[in-house]
$ cat structure00.csv   # CSV, C-alpha atoms
chain,number,residue,atom,x,y,z
C,1,MET,CA,17.0,-124.6,-18.0
C,2,ILE,CA,20.7,-124.9,-18.4
C,3,ARG,CA,22.3,-121.5,-18.4
C,4,TYR,CA,26.0,-120.7,-18.9
C,5,ARG,CA,27.4,-117.5,-17.4
C,6,HIS,CA,30.3,-115.4,-18.7
C,7,GLU,CA,33.3,-115.4,-16.4
C,8,TYR,CA,36.4,-113.3,-16.7
C,9,LYS,CA,39.4,-113.2,-14.3
C,10,TYR,CA,42.1,-110.6,-13.7
C,11,MET,CA,45.1,-110.4,-11.5
C,12,LEU,CA,45.3,-107.2,-9.5
C,13,ASP,CA,48.1,-105.5,-7.5
C,14,ALA,CA,47.3,-103.6,-4.3
C,15,ARG,CA,46.8,-100.3,-6.2
C,16,GLN,CA,44.5,-101.7,-8.8
C,17,ARG,CA,42.4,-103.4,-6.2
C,18,ALA,CA,42.0,-100.2,-4.2
C,19,ILE,CA,40.8,-98.3,-7.2
C,20,LEU,CA,38.3,-101.0,-8.3
C,21,GLN,CA,37.0,-101.5,-4.8
C,22,ILE,CA,36.0,-97.8,-4.6
C,23,ARG,CA,34.3,-98.1,-8.0
C,24,ALA,CA,32.5,-101.3,-7.1
C,25,ARG,CA,31.1,-99.8,-3.9
C,26,ALA,CA,29.8,-96.8,-5.9
C,27,ILE,CA,28.0,-98.7,-8.6
C,28,THR,CA,27.0,-102.0,-7.1
C,29,GLN,CA,25.7,-103.5,-3.9
C,30,ILE,CA,27.6,-105.6,-1.3
C,31,ASP,CA,26.5,-109.2,-1.5
C,32,PRO,CA,24.0,-109.7,1.4
C,33,HIS,CA,25.8,-112.9,2.3
C,34,ALA,CA,28.9,-111.0,3.3
C,35,GLY,CA,29.8,-110.4,6.9
C,36,PRO,CA,29.9,-107.0,8.7
C,37,ASP,CA,33.3,-106.3,7.1
C,38,GLY,CA,32.0,-107.0,3.6
C,39,THR,CA,33.8,-110.4,3.2
C,40,TYR,CA,33.4,-114.1,3.9
C,41,ILE,CA,35.8,-117.0,3.8
C,42,VAL,CA,35.4,-119.6,1.1
C,43,ARG,CA,36.6,-123.2,1.9
C,44,SER,CA,36.6,-125.7,-1.0
C,45,VAL,CA,38.1,-129.2,-1.4
C,46,TYR,CA,38.7,-130.2,-5.0
C,47,PHE,CA,38.6,-133.7,-6.5
C,48,ASP,CA,40.6,-135.2,-9.3
C,49,ASP,CA,40.9,-138.6,-10.9
C,50,MET,CA,43.9,-141.1,-10.7
C,51,ASN,CA,45.4,-139.4,-13.9
C,52,ASP,CA,44.9,-135.9,-12.6
C,53,ARG,CA,42.8,-135.1,-15.6
C,54,SER,CA,41.3,-131.9,-14.1
C,55,LEU,CA,44.8,-130.5,-13.3
C,56,LEU,CA,46.2,-131.4,-16.8
C,57,ASP,CA,43.1,-130.0,-18.5
C,58,ASN,CA,43.6,-126.7,-16.7
C,59,LEU,CA,47.3,-126.6,-17.5
C,60,SER,CA,46.8,-127.3,-21.2
C,61,GLY,CA,43.7,-125.1,-21.6
C,62,THR,CA,41.5,-128.0,-22.7
C,63,ASP,CA,38.1,-126.9,-23.8
C,64,PRO,CA,35.6,-127.9,-22.5
C,65,ARG,CA,36.7,-129.0,-19.0
C,66,LYS,CA,35.1,-129.6,-15.6
C,67,LYS,CA,35.9,-129.7,-11.9
C,68,TYR,CA,34.2,-131.2,-8.8
C,69,ARG,CA,34.4,-129.5,-5.4
C,70,ILE,CA,32.8,-129.5,-2.0
C,71,ARG,CA,32.4,-126.0,-0.5
C,72,TYR,CA,31.2,-124.2,2.6
C,73,TYR,CA,31.5,-120.6,3.9
C,74,ASN,CA,33.2,-119.3,7.0
C,75,SER,CA,32.9,-122.0,9.6
C,76,ASP,CA,29.3,-122.9,8.8
C,77,THR,CA,29.2,-126.6,8.1
C,78,GLY,CA,25.4,-126.5,8.4
C,79,ARG,CA,25.3,-125.9,4.6
C,80,ILE,CA,27.8,-127.9,2.6
C,81,VAL,CA,27.5,-127.9,-1.2
C,82,LEU,CA,28.8,-130.3,-3.8
C,83,GLU,CA,29.5,-128.4,-7.0
C,84,LYS,CA,30.4,-129.4,-10.6
C,85,LYS,CA,31.8,-126.5,-12.5
C,86,SER,CA,32.0,-126.9,-16.3
C,87,LYS,CA,33.8,-124.4,-18.5
C,88,THR,CA,33.5,-123.8,-22.3
C,89,ARG,CA,35.6,-121.0,-23.6
C,90,SER,CA,34.8,-118.0,-21.3
C,91,CYS,CA,31.5,-119.3,-20.1
C,92,CYS,CA,30.8,-121.5,-17.0
C,93,LEU,CA,28.0,-123.7,-15.8
C,94,LYS,CA,27.6,-124.6,-12.2
C,95,GLU,CA,25.5,-127.5,-10.9
C,96,SER,CA,25.1,-128.1,-7.2
C,97,ALA,CA,23.6,-130.3,-4.5
C,98,ILE,CA,23.5,-130.2,-0.7
C,99,LEU,CA,25.5,-132.7,1.3
C,100,THR,CA,25.1,-133.7,4.9
C,101,PRO,CA,28.3,-133.5,7.1
C,102,ALA,CA,28.2,-137.3,7.3
C,103,GLU,CA,28.2,-137.6,3.5
C,104,CYS,CA,30.9,-135.1,3.2
C,105,GLN,CA,33.1,-136.9,5.7
C,106,VAL,CA,32.8,-140.1,3.7
C,107,PHE,CA,33.9,-138.3,0.5
C,108,LEU,CA,36.9,-136.8,2.4
C,109,SER,CA,38.0,-140.2,3.7
C,110,GLY,CA,38.0,-141.5,0.1
C,111,GLY,CA,34.9,-143.7,0.7
C,112,ILE,CA,32.0,-143.9,-1.7
C,113,PRO,CA,28.6,-143.2,-0.2
C,114,GLY,CA,25.8,-145.4,-1.5
C,115,ILE,CA,23.7,-144.2,-4.4
C,116,ARG,CA,20.0,-143.6,-3.8
C,117,PRO,CA,17.4,-143.3,-6.5
C,118,ASP,CA,16.5,-139.8,-5.4
C,119,ASP,CA,20.1,-138.5,-5.4
C,120,PRO,CA,20.6,-135.5,-7.7
C,121,PRO,CA,22.4,-136.2,-11.0
C,122,ILE,CA,25.6,-134.3,-10.0
C,123,LYS,CA,26.1,-136.6,-7.0
C,124,LYS,CA,25.4,-139.7,-9.0
C,125,ARG,CA,28.0,-138.6,-11.6
C,126,LEU,CA,30.7,-137.9,-9.0
C,127,LEU,CA,30.0,-141.3,-7.3
C,128,TYR,CA,30.3,-143.0,-10.8
C,129,GLU,CA,33.6,-141.2,-11.5
C,130,MET,CA,34.9,-142.2,-8.0
C,131,GLN,CA,34.2,-145.8,-8.7
C,132,CYS,CA,35.4,-145.9,-12.3
C,133,LEU,CA,38.1,-143.2,-12.6
C,134,GLY,CA,39.5,-143.1,-9.1
C,135,MET,CA,38.2,-139.6,-8.3
C,136,THR,CA,39.4,-138.5,-4.8
C,137,PRO,CA,39.7,-135.3,-2.9
C,138,LYS,CA,43.1,-133.7,-3.6
C,139,VAL,CA,43.5,-130.2,-2.2
C,140,ILE,CA,41.8,-127.6,0.0
C,141,VAL,CA,41.6,-124.1,-1.4
C,142,THR,CA,40.8,-121.3,1.1
C,143,TYR,CA,40.5,-117.5,0.5
C,144,VAL,CA,38.8,-114.4,1.6
C,145,ARG,CA,36.2,-113.0,-0.8
C,146,GLU,CA,34.8,-109.5,-1.0
C,147,PRO,CA,31.6,-109.8,-3.2
C,148,PHE,CA,29.5,-107.2,-5.0
C,149,VAL,CA,26.3,-107.8,-7.0
C,150,PHE,CA,24.2,-105.8,-9.5
C,151,PRO,CA,20.7,-107.1,-10.5
C,152,ALA,CA,20.7,-106.1,-14.2
C,153,GLY,CA,22.6,-108.8,-16.1
C,154,ASN,CA,23.0,-110.8,-12.8
C,155,VAL,CA,26.4,-109.3,-12.4
C,156,ARG,CA,28.7,-110.5,-9.7
C,157,ILE,CA,32.1,-108.9,-9.0
C,158,THR,CA,34.4,-110.6,-6.4
C,159,PHE,CA,37.9,-109.8,-5.0
C,160,ASP,CA,39.6,-112.9,-3.8
C,161,GLY,CA,42.7,-112.6,-1.6
C,162,SER,CA,44.7,-114.4,1.0
C,163,ILE,CA,44.5,-117.6,-1.1
C,164,THR,CA,46.0,-120.6,0.6
C,165,SER,CA,46.5,-124.3,-0.3
C,166,SER,CA,46.4,-127.4,1.9
C,167,ASN,CA,46.6,-131.1,1.2
C,168,ASP,CA,45.3,-132.0,4.7
C,169,VAL,CA,41.9,-132.8,3.3
C,170,GLY,CA,40.9,-134.7,6.5
C,171,GLY,CA,40.7,-131.4,8.3
C,172,PHE,CA,38.4,-129.7,5.8
C,173,LEU,CA,35.2,-129.7,8.0
C,174,THR,CA,37.0,-128.5,11.1
C,175,GLY,CA,38.7,-125.6,9.4
C,176,ARG,CA,41.9,-126.6,11.2
C,177,TYR,CA,44.5,-127.5,8.6
C,178,ALA,CA,47.9,-126.2,7.6
C,179,GLN,CA,47.6,-123.4,5.0
C,180,TYR,CA,50.3,-122.3,2.5
C,181,PRO,CA,50.0,-118.9,0.7
C,182,VAL,CA,50.1,-119.3,-3.1
C,183,LEU,CA,50.3,-115.6,-4.2
C,184,PRO,CA,52.7,-112.8,-3.5
C,185,GLU,CA,51.5,-110.5,-0.8
C,186,GLY,CA,49.2,-107.8,-2.1
C,187,GLN,CA,48.0,-109.7,-5.2
C,188,THR,CA,44.2,-110.3,-5.6
C,189,VAL,CA,42.1,-112.2,-8.1
C,190,LEU,CA,39.2,-110.2,-9.6
C,191,GLU,CA,36.4,-112.3,-11.0
C,192,VAL,CA,33.5,-110.8,-13.0
C,193,LYS,CA,30.5,-113.0,-13.9
C,194,TRP,CA,27.3,-112.1,-15.7
C,195,ASP,CA,24.5,-113.6,-17.8
C,196,GLU,CA,23.7,-112.4,-21.3
C,197,LEU,CA,24.7,-108.8,-21.1
C,198,MET,CA,27.2,-106.8,-19.0
C,199,PRO,CA,25.8,-103.2,-18.2
C,200,ARG,CA,28.0,-100.7,-20.0
C,201,HIS,CA,28.7,-98.5,-16.9
C,202,ILE,CA,30.0,-101.5,-15.0
C,203,LYS,CA,32.2,-102.6,-17.9
C,204,ASP,CA,33.6,-99.0,-18.2
C,205,ALA,CA,34.3,-98.9,-14.4
C,206,LEU,CA,36.4,-102.0,-14.5
C,207,LEU,CA,38.8,-100.6,-17.1
C,208,VAL,CA,42.0,-99.8,-15.1
C,209,ASN,CA,45.3,-99.6,-16.9
C,210,ASN,CA,44.1,-102.0,-19.6
C,211,LEU,CA,43.7,-105.0,-17.3
C,212,GLN,CA,44.5,-108.2,-19.0
C,213,TRP,CA,42.3,-111.3,-18.8
C,214,THR,CA,43.9,-114.3,-17.3
C,215,ALA,CA,43.1,-118.1,-17.2
C,216,PHE,CA,44.1,-118.1,-13.5
C,217,SER,CA,42.9,-121.2,-11.7
C,218,LYS,CA,43.0,-121.3,-7.9
C,219,TYR,CA,42.7,-125.1,-8.0
C,220,THR,CA,45.7,-125.5,-10.4
C,221,LEU,CA,47.9,-123.1,-8.4
C,222,CYS,CA,47.1,-124.8,-5.2
C,223,ARG,CA,47.7,-128.3,-6.6
C,224,ILE,CA,51.1,-127.5,-8.0
C,225,THR,CA,52.1,-126.0,-4.6
C,226,HIS,CA,52.3,-129.6,-3.3
C,227,ILE,CA,53.8,-131.3,-6.3

$ encode --input "structure00.csv" --output "structure tokens"
Amino acid sequence: MIRYRHEYKYMLDARQRAILQIRARAITQIDPHAGPDGTYIVRSVYFDDMNDRSLLDNLSGTDPRKKYRIRYYNSDTGRIVLEKKSKTRSCCLKESAILTPAECQVFLSGGIPGIRPDDPPIKKRLLYEMQCLGMTPKVIVTYVREPFVFPAGNVRITFDGSITSSNDVGGFLTGRYAQYPVLPEGQTVLEVKWDELMPRHIKDALLVNNLQWTAFSKYTLCRITHI
């Protein structure tokens, strides 16, 4: 079953983050995947075609639009995930498939792994776009995420900080690559995702100084850092 999720993003200063962190800890649960300090590191390499269609679609607010990325967490390359994120208005759909380190390395080098009959549709689609549209890895986006979850409504609240950009895609799997900060010190991106219904008490808790929704894109900001 295809299920889109609501997704809203907000830019926070240090004071706003501190307030919302306290509220999130009081009404939700820390994501069990987080480390002892309540965070984990997200490492993603994003793809774009020869015309930079994903970048231009983000800059112009094209609707619908999509992005491909490969992601792993912390330094654990034992689980590498290929993802396609599609966005229609404020709703997102994420499709995913597991990659082996060898497959990932071929993608990073600009090569095109062979297509097997049993490959998942997302992988076949990316391989097709690599062959026909010149899709290649463009930029690494790295950040520290503090995640919270709430079962009712499948709510997920994340605070993403220390966002950096790198065009050294060859170093993606090693975790050793030059990183360039893309936000002023103290700024954080708040992301709120849920299914059909957001519980009222969570919605009320996130109201701080009339926070304004933003179309912020980590991929776009990190790409333009190197242009």

$ closest_residue --input "structure00.csv" --among "C:Glu129, C:Asp37, C:Asp63, C:Glu103" --to "Ser86 in chain C" --atoms "all atoms listed in the file"
C:Asp63

$ closest_residue --input "structure00.csv" --among "C:Arg223, C:Lys193, C:Arg200, C:Arg79" --to "Lys9 in chain C" --atoms "all atoms listed in the file"
C:Lys193

$ closest_residue --input "structure00.csv" --among "C:Asn58, C:Thr142, C:Thr158, C:Asn74" --to "Ser217 in chain C" --atoms "all atoms listed in the file"
C:Asn58

$ residues_around --input "structure00.csv" --residues "Gly134 in chain C" --least-positions-apart "5" --cutoff "10 Å" --atoms "only C-alpha atoms" --output "VMD selection string"
chain C and resid 47 to 52 110 127 to 129

$ write_last_selection --input "structure00.csv" --atoms "C-alpha atoms" --output "PDB file, keeping the file's coordinate frame"
ATOM      1  CA  PHE C  47      38.600-133.700  -6.500  1.00  0.00           C
ATOM      2  CA  ASP C  48      40.600-135.200  -9.300  1.00  0.00           C
ATOM      3  CA  ASP C  49      40.900-138.600 -10.900  1.00  0.00           C
ATOM      4  CA  MET C  50      43.900-141.100 -10.700  1.00  0.00           C
ATOM      5  CA  ASN C  51      45.400-139.400 -13.900  1.00  0.00           C
ATOM      6  CA  ASP C  52      44.900-135.900 -12.600  1.00  0.00           C
ATOM      7  CA  GLY C 110      38.000-141.500   0.100  1.00  0.00           C
ATOM      8  CA  LEU C 127      30.000-141.300  -7.300  1.00  0.00           C
ATOM      9  CA  TYR C 128      30.300-143.000 -10.800  1.00  0.00           C
ATOM     10  CA  GLU C 129      33.600-141.200 -11.500  1.00  0.00           C
TER      11      GLU C 129
END

$ closest_residue --input "structure00.csv" --among "C:Glu185, C:Pro199, C:Val106, C:Trp194" --to "Ala14 in chain C" --atoms "only C-alpha atoms"
C:Glu185

$ residues_near_point --input "structure00.csv" --point "(24.3, -101.1, -1.1)" --cutoff "12 Å" --atoms "all atoms listed in the file" --output "list in words"
Ala24, Arg25, Ala26, Ile27, Thr28, Gln29, Ile30, Asp31, Pro32, Ala34, Gly38, Pro147, Phe148, Val149, Phe150 and Pro151 of chain C

$ closest_residue --input "structure00.csv" --among "C:Pro121, C:Gly114, C:Pro101, C:Gly161" --to "Val42 in chain C" --atoms "only C-alpha atoms"
C:Gly161

$ residues_around --input "structure00.csv" --residues "Ile224 in chain C" --least-positions-apart "3" --cutoff "10 Å" --atoms "all atoms listed in the file" --output "list in words"
Leu55, Val139, Ser165, Val182, Tyr219, Thr220, Leu221 and Ile227 of chain C

$ closest_residue --input "structure00.csv" --among "C:Ile202, C:Ile157, C:Ala18, C:Glu146" --to "Pro36 in chain C" --atoms "only C-alpha atoms"
C:Glu146

$ atom_distance --input "structure00.csv" --atom1 "CA of Asp76 in chain C" --atom2 "CA of Phe107 in chain C"
18.1 Å

$ residues_around --input "structure00.csv" --residues "Thr214 in chain C" --least-positions-apart "3" --cutoff "12 Å" --atoms "all atoms listed in the file" --output "count of residues only"
15

$ atom_distance --input "structure00.csv" --atom1 "CA of Lys138 in chain C" --atom2 "CA of Lys123 in chain C"
17.6 Å

$ atom_distance --input "structure00.csv" --atom1 "CA of Tyr72 in chain C" --atom2 "CA of Ser162 in chain C"
16.8 Å

$ residues_around --input "structure00.csv" --residues "Phe172 in chain C" --least-positions-apart "2" --cutoff "9 Å" --atoms "all atoms listed in the file" --output "PyMOL selection string"
chain C and resi 43-45+105+108+140+168-170+174-177

$ residues_around --input "structure00.csv" --residues "Ile163 in chain C" --least-positions-apart "4" --cutoff "9 Å" --atoms "all atoms listed in the file" --output "PyMOL selection string"
chain C and resi 141-144+179-183+188+218+222

$ decode --input "structure00.csv" --residues "range 5-78 of chain C" --atoms "C-alpha atoms" --output "compact mmCIF listing (two decimals), in the first residue's frame"
# COMPACT_ATOMS: atom_id res chain seq x y z
CA ARG C 5 3.11 11.14 5.10
CA HIS C 6 2.72 14.75 6.09
CA GLU C 7 6.03 16.55 6.52
CA TYR C 8 6.62 20.05 7.84
CA LYS C 9 9.94 21.79 8.47
CA TYR C 10 10.83 24.76 10.66
CA MET C 11 14.04 26.69 11.23
CA LEU C 12 14.91 27.11 14.92
CA ASP C 13 17.33 29.30 16.79
CA ALA C 14 19.08 27.99 19.92
CA ARG C 15 16.37 29.24 22.29
CA GLN C 16 13.51 27.73 20.29
CA ARG C 17 15.31 24.41 20.06
CA ALA C 18 15.89 24.30 23.81
CA ILE C 19 12.20 24.93 24.51
CA LEU C 20 10.96 22.33 22.02
CA GLN C 21 13.47 19.71 23.16
CA ILE C 22 12.11 19.95 26.70
CA ARG C 23 8.54 19.62 25.43
CA ALA C 24 9.39 16.71 23.10
CA ARG C 25 11.05 14.78 25.92
CA ALA C 26 7.95 15.27 28.09
CA ILE C 27 5.33 14.06 25.59
CA THR C 28 7.12 11.62 23.26
CA GLN C 29 9.72 8.86 23.38
CA ILE C 30 13.33 8.99 22.24
CA ASP C 31 13.73 6.96 19.07
CA PRO C 32 15.17 3.57 20.11
CA HIS C 33 17.69 3.80 17.26
CA ALA C 34 19.35 6.81 18.90
CA GLY C 35 22.62 6.41 20.78
CA PRO C 36 23.23 6.92 24.52
CA ASP C 37 23.20 10.71 24.03
CA GLY C 38 19.87 10.58 22.19
CA THR C 39 21.32 11.28 18.75
CA TYR C 40 22.81 9.61 15.69
CA ILE C 41 24.70 10.83 12.64
CA VAL C 42 22.97 10.71 9.25
CA ARG C 43 25.20 10.41 6.18
CA SER C 44 23.56 10.71 2.74
CA VAL C 45 24.87 11.06 -0.79
CA TYR C 46 22.36 12.64 -3.21
CA PHE C 47 22.05 12.08 -6.95
CA ASP C 48 21.05 14.44 -9.74
CA ASP C 49 20.91 14.23 -13.53
CA MET C 50 23.03 16.03 -16.11
CA ASN C 51 20.60 18.98 -16.06
CA ASP C 52 20.44 19.23 -12.26
CA ARG C 53 16.71 18.65 -12.39
CA SER C 54 16.33 17.79 -8.70
CA LEU C 55 18.18 20.95 -7.68
CA LEU C 56 16.19 23.17 -10.03
CA ASP C 57 12.89 21.57 -9.00
CA ASN C 58 13.68 22.34 -5.36
CA LEU C 59 14.70 25.92 -6.10
CA SER C 60 11.56 26.58 -8.13
CA GLY C 61 9.20 24.68 -5.83
CA THR C 62 8.09 22.28 -8.58
CA ASP C 63 5.30 20.00 -7.45
CA PRO C 64 5.56 17.02 -7.53
CA ARG C 65 9.30 16.36 -7.33
CA LYS C 66 11.67 13.59 -6.29
CA LYS C 67 15.21 12.88 -5.09
CA TYR C 68 17.42 9.79 -4.93
CA ARG C 69 19.92 9.26 -2.14
CA ILE C 70 22.01 6.55 -0.49
CA ARG C 71 22.12 6.67 3.30
CA TYR C 72 23.68 5.04 6.33
CA TYR C 73 23.86 5.97 9.99
CA ASN C 74 26.83 6.76 12.20
CA SER C 75 29.69 4.63 10.86
CA ASP C 76 27.64 1.49 10.26
CA THR C 77 28.07 0.54 6.60
CA GLY C 78 26.56 -2.85 7.37
